[in-house]
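Q: Here you go, this is data-v9.cif (mmCIF, C-alpha atoms).
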data_run
#
loop_
_atom_site.label_atom_id
_atom_site.label_comp_id
_atom_site.auth_asym_id
_atom_site.auth_seq_id
_atom_site.Cartn_x
_atom_site.Cartn_y
_atom_site.Cartn_z
CA MET T 1 -12.78 -5.93 -50.93
CA LYS T 2 -11.84 -2.29 -50.78
CA GLY T 3 -10.35 -0.71 -47.65
CA GLY T 4 -13.48 1.28 -46.77
CA SER T 5 -16.15 -1.38 -47.19
CA ILE T 6 -17.27 -3.78 -44.49
CA GLU T 7 -18.68 -7.19 -45.30
CA ILE T 8 -21.86 -8.43 -43.69
CA GLY T 9 -21.16 -10.05 -40.34
CA GLU T 10 -17.80 -8.34 -39.95
CA ALA T 11 -17.52 -6.20 -36.81
CA SER T 12 -16.27 -2.66 -37.03
CA PRO T 13 -13.08 -1.79 -35.14
CA ARG T 14 -14.96 0.76 -33.02
CA LYS T 15 -17.51 -1.80 -31.88
CA GLY T 16 -14.72 -4.22 -31.02
CA MET T 17 -12.98 -1.51 -29.02
CA ARG T 18 -16.16 -0.71 -27.08
CA ARG T 19 -16.78 -4.40 -26.40
CA GLY T 20 -13.19 -4.78 -25.22
CA LEU T 21 -13.61 -1.83 -22.87
CA SER T 22 -16.84 -3.36 -21.56
CA ILE T 23 -15.11 -6.67 -20.86
CA MET T 24 -12.27 -4.85 -19.10
CA ASP T 25 -14.87 -2.95 -17.05
CA PHE T 26 -16.46 -6.25 -16.02
CA ILE T 27 -13.14 -7.78 -14.96
CA LEU T 28 -12.09 -4.68 -13.01
CA ARG T 29 -15.44 -4.61 -11.21
CA ILE T 30 -14.93 -8.19 -10.07
CA MET T 31 -11.40 -7.37 -8.88
CA ALA T 32 -12.61 -4.28 -6.99
CA ALA T 33 -15.45 -6.25 -5.38
CA VAL T 34 -12.99 -8.89 -4.19
CA ALA T 35 -10.66 -6.19 -2.82
CA THR T 36 -13.43 -4.44 -0.89
CA LEU T 37 -14.81 -7.73 0.41
CA GLY T 38 -11.34 -8.76 1.55
CA SER T 39 -10.80 -5.42 3.26
CA ALA T 40 -14.14 -5.57 5.06
CA VAL T 41 -13.55 -9.15 6.23
CA ALA T 42 -9.95 -8.47 7.28
CA MET T 43 -10.92 -5.42 9.34
CA GLY T 44 -14.12 -6.99 10.67
CA THR T 45 -12.26 -9.98 12.07
CA THR T 46 -9.41 -7.97 13.57
CA GLU T 47 -9.08 -8.43 17.30
CA GLN T 48 -6.36 -9.16 19.82
CA SER T 49 -6.25 -9.81 23.56
CA LEU T 50 -3.29 -9.18 25.83
CA PRO T 51 -3.01 -10.42 29.41
CA PHE T 52 -2.45 -7.82 32.11
CA ALA T 53 -0.82 -8.98 35.36
CA THR T 54 -2.82 -12.26 35.35
CA SER T 55 -4.62 -14.21 32.68
CA PHE T 56 -7.99 -13.20 34.19
CA ILE T 57 -7.49 -9.51 33.42
CA GLN T 58 -7.00 -8.82 29.72
CA PHE T 59 -6.86 -5.85 27.41
CA ARG T 60 -8.81 -6.35 24.20
CA ALA T 61 -8.55 -4.50 20.93
CA GLU T 62 -11.37 -4.99 18.42
CA TYR T 63 -12.29 -3.15 15.29
CA ASP T 64 -15.64 -2.02 16.72
CA ASP T 65 -13.90 -0.17 19.55
CA LEU T 66 -13.14 2.61 17.06
CA PRO T 67 -15.94 4.31 15.06
CA SER T 68 -13.60 4.95 12.12
CA PHE T 69 -13.04 1.22 11.74
CA VAL T 70 -16.78 0.54 11.92
CA PHE T 71 -17.29 3.15 9.19
CA PHE T 72 -14.51 1.48 7.19
CA VAL T 73 -16.12 -1.97 7.38
CA THR T 74 -19.57 -0.58 6.57
CA ALA T 75 -18.36 1.49 3.62
CA ASN T 76 -16.35 -1.38 2.15
CA SER T 77 -19.37 -3.67 2.50
CA VAL T 78 -21.65 -1.14 0.78
CA VAL T 79 -19.18 -0.61 -2.07
CA CYS T 80 -18.73 -4.37 -2.47
CA GLY T 81 -22.50 -4.84 -2.65
CA TYR T 82 -22.78 -2.05 -5.21
CA LEU T 83 -19.99 -3.54 -7.34
CA VAL T 84 -21.65 -6.96 -7.34
CA LEU T 85 -25.00 -5.43 -8.33
CA SER T 86 -23.38 -3.28 -11.03
CA LEU T 87 -22.06 -6.42 -12.73
CA VAL T 88 -25.51 -6.80 -14.28
CA LEU T 89 -25.16 -3.50 -16.13
CA SER T 90 -21.59 -4.35 -17.01
CA VAL T 91 -22.76 -7.56 -18.71
CA PHE T 92 -25.46 -5.49 -20.47
CA HIS T 93 -22.70 -3.22 -21.81
CA ILE T 94 -20.80 -6.23 -23.16
CA VAL T 95 -23.90 -7.36 -25.04
CA ARG T 96 -24.97 -3.89 -26.12
CA SER T 97 -21.86 -1.77 -26.30
CA THR T 98 -23.63 1.32 -27.68
CA ALA T 99 -25.66 2.00 -24.50
CA VAL T 100 -24.82 5.49 -23.25
CA LYS T 101 -27.40 6.43 -20.61
CA SER T 102 -26.68 3.40 -18.45
CA ARG T 103 -22.95 4.11 -18.70
CA ILE T 104 -23.53 7.67 -17.51
CA LEU T 105 -25.56 6.34 -14.58
CA LEU T 106 -22.75 3.92 -13.72
CA ILE T 107 -20.15 6.69 -13.88
CA VAL T 108 -22.15 8.83 -11.44
CA LEU T 109 -22.71 5.92 -9.05
CA ASP T 110 -19.07 4.83 -9.38
CA MET T 111 -17.93 8.32 -8.39
CA VAL T 112 -20.24 8.30 -5.36
CA MET T 113 -18.88 4.91 -4.29
CA LEU T 114 -15.33 6.09 -4.89
CA GLY T 115 -15.93 9.07 -2.60
CA LEU T 116 -17.38 6.81 0.09
CA LEU T 117 -14.50 4.36 -0.19
CA ILE T 118 -11.82 7.06 -0.07
CA ALA T 119 -13.49 8.73 2.93
CA ALA T 120 -13.64 5.46 4.87
CA ALA T 121 -10.11 4.42 3.95
CA SER T 122 -8.75 7.85 4.87
CA ALA T 123 -10.48 7.86 8.25
CA ALA T 124 -9.16 4.39 9.04
CA THR T 125 -5.69 5.37 7.82
CA ALA T 126 -5.59 8.26 10.29
CA ILE T 127 -6.42 5.90 13.15
CA VAL T 128 -3.85 3.32 12.02
CA TYR T 129 -1.22 6.05 11.74
CA ILE T 130 -1.91 7.21 15.31
CA ALA T 131 -1.82 3.59 16.47
CA HIS T 132 1.58 3.07 14.83
CA TYR T 133 3.29 6.33 15.69
CA GLY T 134 1.19 8.01 18.37
CA ASN T 135 1.17 11.74 18.93
CA PRO T 136 3.61 12.88 21.63
CA LYS T 137 2.17 16.41 21.74
CA ALA T 138 -1.25 15.02 22.70
CA ASN T 139 0.25 12.29 24.94
CA TRP T 140 -1.13 9.56 22.69
CA PHE T 141 1.28 6.69 22.79
CA PRO T 142 1.67 4.16 19.97
CA VAL T 143 -0.26 0.99 20.79
CA CYS T 144 1.05 -1.14 17.94
CA GLN T 145 4.03 -2.14 20.05
CA GLN T 146 1.62 -4.07 22.27
CA PHE T 147 -1.16 -4.95 19.78
CA ASN T 148 1.06 -5.92 16.86
CA ASP T 149 -1.30 -8.43 15.22
CA PHE T 150 -4.23 -6.02 15.46
CA CYS T 151 -2.26 -3.27 13.75
CA GLN T 152 -0.94 -5.56 11.01
CA ASN T 153 -4.45 -6.76 10.14
CA ALA T 154 -5.78 -3.20 10.12
CA SER T 155 -2.92 -2.02 7.92
CA GLY T 156 -3.42 -4.92 5.51
CA SER T 157 -7.10 -4.16 5.12
CA LEU T 158 -6.24 -0.58 4.18
CA ILE T 159 -4.11 -1.82 1.29
CA GLY T 160 -7.06 -3.72 -0.20
CA SER T 161 -9.35 -0.73 0.17
CA PHE T 162 -6.97 1.69 -1.52
CA ALA T 163 -6.37 -0.88 -4.29
CA ALA T 164 -10.14 -1.01 -4.83
CA ALA T 165 -10.20 2.80 -4.98
CA VAL T 166 -7.56 2.78 -7.72
CA LEU T 167 -9.55 0.13 -9.60
CA LEU T 168 -12.69 2.27 -9.34
CA MET T 169 -10.77 5.24 -10.77
CA ILE T 170 -9.68 3.08 -13.72
CA ILE T 171 -13.26 1.84 -14.17
CA ILE T 172 -14.50 5.44 -14.32
CA LEU T 173 -11.87 6.33 -16.92
CA ILE T 174 -12.71 3.27 -19.02
CA SER T 175 -16.41 4.15 -18.93
CA GLN T 176 -15.66 7.70 -20.02
CA VAL T 177 -13.52 6.45 -22.90
CA ALA T 178 -16.31 4.06 -23.95
CA ILE T 179 -18.83 6.93 -23.97
CA SER T 180 -16.51 9.15 -25.99
CA ARG T 181 -16.15 6.38 -28.61
CA ASN T 182 -19.91 6.49 -29.34
#
Just dump the structure as structure tokens.
A:
Amino acid sequence: MKGGSIEIGEASPRKGMRRGLSIMDFILRIMAAVATLGSAVAMGTTEQSLPFATSFIQFRAEYDDLPSFVFFVTANSVVCGYLVLSLVLSVFHIVRSTAVKSRILLIVLDMVMLGLLIAAASAATAIVYIAHYGNPKANWFPVCQQFNDFCQNASGSLIGSFAAAVLLMIIILISQVAISRN
């Protein structure tokens, strides 16, 4: 066999590369879906009660007390749902690695979801920052000294959301590389 000829049944290196990129896309989508689901669940179940003077009077901190946290949980849930639904097209790309139009559609939708996820994570990060450090100029005192568990859960959920955002960025780059290989 000469160096330039390909036997019947033998895959070309380009097709193998595209299939490998499609498999990596599938795995990263699963990882990002798990990260967004974990972030939504962690923030959605965040609450803490502190007694004040007696056990009958309590201060409560829940995620739905702050609109930014509600937006965070909603956005992470939407992105998780999208990532689970997009697994169908990702499997299609593994089977048929030369599909271009569906990859372009996924890139556009991935960028929309990335924007939503970054907006929600940034809004929640601002609230968590104020909760940790306060703002002395506005007389906002840090509340994490009292509601330590609440703040730790909220901070942990931010880590998962930003990890999912990084995974979405990698997914977008992989899709663009796969399109350029066609």
Q: Just the residues within 6 Å of region 25-40 of chain T, please, counting only C-alpha atoms, with nothing from its chain fewer than 6 positions along; format it as a list in words.
A: Val73, Asn76, Cys80, Leu83, Ser90, Ser157, Gly160, Ser161, Ala164, Leu167 and Ile171 of chain T
Q: Given the choices T:Ala75, T:Ile174, T:Ile23, T:Ala61, which gets closest to Phe150 (chain T) if the distance is worked out from only C-alpha atoms?
A: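 Among T:Ala75, T:Ile174, T:Ile23, T:Ala61, it is T:Ala61 that comes nearest to Phe150 (chain T).
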Q: Could you name the residues that touch Ala99 (chain T) at 12 Å or less, counting all atoms listed in the file, but leaving out those on the same chain fewer than 2 positions away, as a list of chain:residue names?
A: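 Near neighbours after the sequence-gap exclusion: T:Lys15, T:Arg18, T:Arg19, T:Ser22, T:Leu89, T:Ser90, T:Val91, T:Phe92, T:His93, T:Ile94, T:Val95, T:Arg96, T:Ser97, T:Lys101, T:Ser102, T:Arg103, T:Ile104, T:Leu105, T:Leu106, T:Ser175, T:Ala178, T:Ile179, T:Ser180, T:Arg181, T:Asn182.
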Q: Run the PyMOL selection byres ((chain T and resi 151) around 10) against the file shown and list the residues it catches, as a PyMOL selection string.
A: chain T and resi 43+46-48+61+128-129+131-132+143-150+152-157
Q: T:Ile172, T:Met24, T:Leu158, T:Leu87: which is nearest Ser122 (chain T), counting only C-alpha atoms?
A: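 Looking only at the distances to Ser122 (chain T), the closest residue turns out to be T:Leu158.
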Q: Which is closest to Ser68 (chain T) among T:Ile127, T:Leu21, T:Val84, T:Ile107, if we use only C-alpha atoms?
A: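 That would be T:Ile127, the residue with the smallest distance to Ser68 (chain T).
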Q: Could you tell me which of T:Val177, T:Leu116, T:Ala42, T:Ala138 comes closest to Ala165 (chain T) if we count only C-alpha atoms?
A: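 So, comparing all the options, the nearest one is T:Leu116.
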Q: For a test of reading the model, state the distance in Å between CA of Ala126 (chain T) and CA of Val166 (chain T), rounded to one decimal.
A: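 Atom-to-atom, CA of Ala126 (chain T) and CA of Val166 (chain T) are spaced 18.9 Å apart.
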Q: Around (-12.3, 0.8, 6.7), as given in the file, which residues come within 6 Å? Count only C-alpha atoms and list them as a list in words.
A: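 Answer for this query, in the requested form: Phe69, Phe72, Val73, Ala120, Ala121 and Ala124 of chain T.
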Q: Please compute the CA of Leu117 (chain T)-CA of Gly134 (chain T) distance, one decimal, in Å.
A: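 Result for CA of Leu117 (chain T) versus CA of Gly134 (chain T): 24.6 Å, one decimal.
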Q: How far is it from CA of Ile118 (chain T) to CA of Phe162 (chain T), in Å with one decimal?
A: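 One can read the CA of Ile118 (chain T) to CA of Phe162 (chain T) distance as 7.4 Å.
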Q: Please produce region 124-135 of chain T, completed to all heavy atoms, as a compact mmCIF listing (two decimals), keeping the file's coordinate frame.
A:
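The result, stored in selection12.txt:
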# COMPACT_ATOMS: atom_id res chain seq x y z
N ALA T 124 -9.83 5.54 8.41
CA ALA T 124 -9.16 4.39 9.04
C ALA T 124 -7.64 4.55 8.99
O ALA T 124 -6.95 4.15 9.93
CB ALA T 124 -9.59 3.10 8.35
N THR T 125 -7.13 5.15 7.93
CA THR T 125 -5.69 5.37 7.82
C THR T 125 -5.20 6.32 8.91
O THR T 125 -4.12 6.11 9.48
CB THR T 125 -5.34 5.93 6.43
OG1 THR T 125 -5.76 5.00 5.44
CG2 THR T 125 -3.86 6.19 6.29
N ALA T 126 -5.98 7.33 9.21
CA ALA T 126 -5.59 8.26 10.29
C ALA T 126 -5.49 7.53 11.63
O ALA T 126 -4.55 7.75 12.40
CB ALA T 126 -6.59 9.40 10.37
N ILE T 127 -6.44 6.65 11.89
CA ILE T 127 -6.42 5.90 13.15
C ILE T 127 -5.23 4.93 13.19
O ILE T 127 -4.55 4.80 14.20
CB ILE T 127 -7.75 5.14 13.35
CG1 ILE T 127 -8.91 6.12 13.44
CG2 ILE T 127 -7.70 4.25 14.57
CD1 ILE T 127 -8.81 7.10 14.59
N VAL T 128 -4.98 4.25 12.08
CA VAL T 128 -3.85 3.32 12.02
C VAL T 128 -2.53 4.07 12.18
O VAL T 128 -1.61 3.59 12.85
CB VAL T 128 -3.89 2.49 10.72
CG1 VAL T 128 -2.61 1.72 10.50
CG2 VAL T 128 -5.08 1.55 10.74
N TYR T 129 -2.43 5.25 11.60
CA TYR T 129 -1.22 6.05 11.74
C TYR T 129 -0.99 6.42 13.21
O TYR T 129 0.13 6.30 13.72
CB TYR T 129 -1.31 7.32 10.88
CG TYR T 129 -0.08 8.18 11.00
CD1 TYR T 129 1.04 7.92 10.22
CD2 TYR T 129 -0.03 9.26 11.88
CE1 TYR T 129 2.18 8.70 10.33
CE2 TYR T 129 1.10 10.04 12.00
CZ TYR T 129 2.21 9.76 11.22
OH TYR T 129 3.33 10.51 11.33
N ILE T 130 -2.03 6.86 13.88
CA ILE T 130 -1.91 7.21 15.31
C ILE T 130 -1.55 5.96 16.12
O ILE T 130 -0.75 6.02 17.05
CB ILE T 130 -3.22 7.84 15.83
CG1 ILE T 130 -3.45 9.20 15.18
CG2 ILE T 130 -3.22 7.97 17.34
CD1 ILE T 130 -2.47 10.27 15.57
N ALA T 131 -2.12 4.83 15.75
CA ALA T 131 -1.82 3.59 16.47
C ALA T 131 -0.36 3.19 16.29
O ALA T 131 0.26 2.66 17.21
CB ALA T 131 -2.74 2.47 16.01
N HIS T 132 0.18 3.43 15.10
CA HIS T 132 1.58 3.07 14.83
C HIS T 132 2.57 4.05 15.46
O HIS T 132 3.56 3.63 16.06
CB HIS T 132 1.84 2.99 13.33
CG HIS T 132 1.48 1.69 12.72
ND1 HIS T 132 2.21 0.54 12.90
CD2 HIS T 132 0.44 1.34 11.91
CE1 HIS T 132 1.65 -0.45 12.23
NE2 HIS T 132 0.56 0.01 11.63
N TYR T 133 2.30 5.33 15.31
CA TYR T 133 3.29 6.33 15.69
C TYR T 133 2.90 7.18 16.90
O TYR T 133 3.74 7.87 17.47
CB TYR T 133 3.60 7.26 14.50
CG TYR T 133 4.12 6.49 13.32
CD1 TYR T 133 3.34 6.30 12.20
CD2 TYR T 133 5.39 5.93 13.35
CE1 TYR T 133 3.81 5.59 11.12
CE2 TYR T 133 5.87 5.20 12.27
CZ TYR T 133 5.07 5.03 11.16
OH TYR T 133 5.54 4.32 10.10
N GLY T 134 1.63 7.18 17.25
CA GLY T 134 1.19 8.01 18.37
C GLY T 134 1.26 9.49 18.04
O GLY T 134 1.51 9.88 16.90
N ASN T 135 1.04 10.30 19.05
CA ASN T 135 1.17 11.74 18.93
C ASN T 135 1.71 12.26 20.26
O ASN T 135 0.95 12.46 21.20
CB ASN T 135 -0.18 12.39 18.59
CG ASN T 135 -0.06 13.85 18.29
OD1 ASN T 135 0.96 14.48 18.56
ND2 ASN T 135 -1.11 14.41 17.72
